[in-house]
Amino acid sequence: MRGLDSRRRYVPVPIPSWAWVSGLTAGATAAVVVLAVQANHGPHPTASASDARPSASATASAHPSATPKPAEAPAVPAASGTGRRIVYALGQKRVWLIDASDKATRTFTVWPGTVDPDPGTYSISNRVEATTGSDGVQIEHIMYFAAKSGLSVAFSNAVDGSSPPPAAAGKQTSGIRMHKPDGTALWTFGTATTKVTVVK
């Protein structure tokens with residue numbers, strides 16, 4: 001500001017600091033108001049449909065998928081006797097271990113030889129811990145229970161757990177091989193005189 005001195009000249013008058021601060025504050029407030037009005041009239045971001053809903057992957061992870069149920073073991077064949085026994089089904093190439101309450105405690109498939117025992121009821125007649133099979137394979141847990149065509153029929157498993165090699169052309173074999181864990185279970189279950197029922 002300027003004032004008049006005695007000789008009618010304009011003399012600068014100092015402006016107080018509070019006036020400067022008030023002026024700057026008023027100017028800043030006006031600028032903010034202008035910017036806010038402009039922003040209010042501008043485009044507004046909107047949430048897309050994909051943002052509003054959880055993604056399929058998120059939904060899937062929130063709800064764990066159901067695990068498939070294991071397949072049920074085949075039922076013990078009808079007319080296979082009662083009581084504690086070993087049941088061998090020729091057609092299914094399968095063995096069941098049945099306890100005294102007629103409950104199957106284990107079942108598994110086997111590799112039969114070329115000569116099958118006739119259907120009927122037998123008993124374990126001899127147990128041999130280990131030997132060499134007629135095919136030259138080292139076998140263990142041998143349990144004899146029947147005879148057919150001059151051959152002894154027995155359960156066993158290869159020491160190394162392998163399946164038996166194909167029989168040579170024209171050669172007859174009567175061993176019933178199984179996987180090693182199944183052979184061990186059968187050896188434990190099938191004591192001397194344990195009943196063996198063979199069905200078709």
# chains A, B, ... in the order shown; residues from 1 in each chain; ligands from 1
>>> residues_around(residues="Thr132 in chain A", least_positions_apart="4", cutoff="12 Å", atoms="only C-alpha atoms", output="ChimeraX atom specification")
/A:128,136-142,156-159,175
>>> write_last_selection(atoms="all heavy atoms", output="short mmCIF file (atom, residue, chain, number, x, y, z; two decimals), in the first residue's frame")
data_model
loop_
_atom_site.label_atom_id
_atom_site.label_comp_id
_atom_site.auth_asym_id
_atom_site.auth_seq_id
_atom_site.Cartn_x
_atom_site.Cartn_y
_atom_site.Cartn_z
N VAL A 128 6.45 -124.46 2.78
CA VAL A 128 7.89 -124.38 2.54
C VAL A 128 8.26 -122.90 2.50
O VAL A 128 7.67 -122.13 1.73
CB VAL A 128 8.30 -125.08 1.23
CG1 VAL A 128 9.79 -124.91 0.96
CG2 VAL A 128 7.90 -126.54 1.25
N GLY A 136 12.40 -121.55 -12.60
CA GLY A 136 13.73 -121.07 -12.27
C GLY A 136 13.75 -119.82 -11.41
O GLY A 136 14.82 -119.28 -11.09
N VAL A 137 12.57 -119.33 -10.99
CA VAL A 137 12.48 -118.12 -10.17
C VAL A 137 12.56 -118.48 -8.70
O VAL A 137 11.96 -119.47 -8.26
CB VAL A 137 11.15 -117.39 -10.47
CG1 VAL A 137 10.97 -116.19 -9.54
CG2 VAL A 137 11.09 -116.94 -11.93
N GLN A 138 13.31 -117.68 -7.93
CA GLN A 138 13.37 -117.88 -6.48
C GLN A 138 12.03 -117.45 -5.88
O GLN A 138 11.61 -116.31 -6.05
CB GLN A 138 14.51 -117.05 -5.88
CG GLN A 138 15.91 -117.48 -6.31
CD GLN A 138 16.20 -118.91 -5.86
OE1 GLN A 138 16.04 -119.26 -4.69
NE2 GLN A 138 16.65 -119.73 -6.80
N ILE A 139 11.38 -118.39 -5.18
CA ILE A 139 10.07 -118.10 -4.60
C ILE A 139 10.09 -118.36 -3.10
O ILE A 139 10.99 -119.03 -2.57
CB ILE A 139 8.96 -118.94 -5.27
CG1 ILE A 139 9.25 -120.43 -5.13
CG2 ILE A 139 8.78 -118.54 -6.72
CD1 ILE A 139 8.14 -121.33 -5.66
N GLU A 140 9.09 -117.81 -2.42
CA GLU A 140 8.97 -117.98 -0.97
C GLU A 140 7.50 -118.09 -0.58
O GLU A 140 6.62 -117.91 -1.41
CB GLU A 140 9.61 -116.80 -0.24
CG GLU A 140 8.96 -115.45 -0.56
CD GLU A 140 9.66 -114.27 0.09
OE1 GLU A 140 10.59 -114.48 0.89
OE2 GLU A 140 9.26 -113.12 -0.21
N HIS A 141 7.27 -118.41 0.69
CA HIS A 141 5.91 -118.53 1.22
C HIS A 141 5.08 -119.54 0.42
O HIS A 141 3.94 -119.26 0.04
CB HIS A 141 5.21 -117.17 1.25
CG HIS A 141 5.97 -116.12 2.00
ND1 HIS A 141 6.05 -114.81 1.58
CD2 HIS A 141 6.68 -116.19 3.15
CE1 HIS A 141 6.78 -114.12 2.45
NE2 HIS A 141 7.18 -114.94 3.42
N ILE A 142 5.65 -120.71 0.16
CA ILE A 142 4.96 -121.72 -0.63
C ILE A 142 4.03 -122.52 0.28
O ILE A 142 4.45 -123.04 1.32
CB ILE A 142 5.97 -122.67 -1.31
CG1 ILE A 142 6.99 -121.86 -2.13
CG2 ILE A 142 5.27 -123.68 -2.20
CD1 ILE A 142 8.29 -121.62 -1.44
N SER A 156 2.33 -119.00 -3.78
CA SER A 156 3.69 -118.53 -3.51
C SER A 156 3.86 -117.12 -4.05
O SER A 156 2.98 -116.61 -4.75
CB SER A 156 4.73 -119.46 -4.16
OG SER A 156 4.64 -119.39 -5.57
N ASN A 157 5.00 -116.53 -3.75
CA ASN A 157 5.36 -115.25 -4.37
C ASN A 157 6.84 -115.25 -4.68
O ASN A 157 7.63 -115.93 -4.01
CB ASN A 157 5.00 -114.06 -3.47
CG ASN A 157 5.81 -113.99 -2.20
OD1 ASN A 157 5.39 -114.51 -1.17
ND2 ASN A 157 6.97 -113.34 -2.23
N ALA A 158 7.22 -114.51 -5.72
CA ALA A 158 8.65 -114.39 -6.06
C ALA A 158 9.34 -113.59 -4.96
O ALA A 158 8.78 -112.66 -4.40
CB ALA A 158 8.81 -113.69 -7.41
N VAL A 159 10.57 -113.99 -4.66
CA VAL A 159 11.33 -113.29 -3.61
C VAL A 159 11.49 -111.82 -3.96
O VAL A 159 11.41 -110.95 -3.08
CB VAL A 159 12.71 -113.97 -3.40
CG1 VAL A 159 13.58 -113.15 -2.46
CG2 VAL A 159 12.53 -115.38 -2.87
N GLY A 175 1.78 -123.39 -10.10
CA GLY A 175 1.98 -122.41 -9.04
C GLY A 175 1.03 -121.23 -9.18
O GLY A 175 0.76 -120.76 -10.28
#
>>> residues_around(residues="range 101-103 of chain A", least_positions_apart="2", cutoff="10 Å", atoms="only C-alpha atoms", output="PyMOL selection string")
chain A and resi 76+81-85+96-99+105-106
>>> select_by_dssp(residues="range 68-106 of chain A", states="strand (DSSP E or B)", output="list of chain:residue names")
A:Arg85, A:Ile86, A:Val87, A:Tyr88, A:Ala89, A:Arg94, A:Val95, A:Trp96, A:Leu97, A:Ile98, A:Ala104, A:Thr105, A:Arg106
>>> atom_distance(atom1="CA of Ser125 in chain A", atom2="CA of Ile86 in chain A")
13.3 Å
>>> select_by_dssp(residues="range 95-190 of chain A", states="helix (DSSP H, G or I)", output="ChimeraX atom specification")
/A:180-189
>>> atom_distance(atom1="CA of Ala73 in chain A", atom2="CA of Leu90 in chain A")
16.7 Å
